[in-house]
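Participant: This structure is in C-alpha cells; I'll ask about it shortly.
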Amino acid sequence: MNVTLSIDDKIMKEARRRAEAMGTSVNQLVREYLEGFVGKGDPAADAAEFQRLSRAAKGNSRGWKFNREELHERR
C-alpha cells in the first residue's frame, strides 16, 4: 500500500541523510517502525525473550501466592 505523508522539507532531508548513513532508506525505516508498532514480530522469538528475562529476574515473592478470592476481589 502506498501512503502519502506531509513532512517538513528540512526534516525529510535530514531523515534521508541519516538513513543513507545507515545504509537504508527512509521508506525502510518507516516500514520497520510500523511493523514494530503493530507487533509484526516473531512470536517464537518474543516468547523466548520473555522466558529468558523471566529466568534472569531476581524477584522474590517471599512465599506469597495468588488465591482465587483475591484475584476476583473488586476494590
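Order determines the names: the first chain of the C-alpha cells is A, the second B, and so forth; residues in each chain are numbered 1 upward, and ligands are numbered 1 upward as they are shown.
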Which residues, written as a short mmCIF file (atom, residue, chain, number, x, y, z; two decimals) with N, CA and C atoms, in the first residue's frame, have at least one atom at most 9 Å from region 25-28 of chain A, with only C-alpha atoms counted and residues fewer than 6 positions away on the same chain left out?
Facilitator:
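The result, written out as part15.cif:
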data_model
loop_
_atom_site.label_atom_id
_atom_site.label_comp_id
_atom_site.auth_asym_id
_atom_site.auth_seq_id
_atom_site.Cartn_x
_atom_site.Cartn_y
_atom_site.Cartn_z
N MET A 12 12.70 15.99 6.33
CA MET A 12 12.85 14.91 5.35
C MET A 12 14.28 14.83 4.82
N ALA A 15 16.33 13.27 7.51
CA ALA A 15 15.99 11.84 7.62
C ALA A 15 16.65 11.05 6.49
N ARG A 16 16.62 11.58 5.29
CA ARG A 16 17.28 10.90 4.16
C ARG A 16 18.78 10.80 4.37
N ARG A 18 20.43 10.77 7.24
CA ARG A 18 20.71 9.78 8.29
C ARG A 18 20.45 8.35 7.82
N ALA A 19 19.38 8.17 7.07
CA ALA A 19 19.08 6.84 6.56
C ALA A 19 20.18 6.36 5.63
#
Participant: Between CA of Asp42 (chain A) and CA of Thr24 (chain A), what is the distance in Å, rounded to a tenth?
Facilitator: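 The value is 21.7 Å.
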Participant: Using Å and a single decimal, report how far CA of Arg31 (chain A) sits from CA of Val3 (chain A).
Facilitator: 10.9 Å
Participant: Enter the distance from CA of Glu35 (chain A) to CA of Arg55 (chain A), in Å, rounded to one decimal.
Facilitator: 27.6 Å
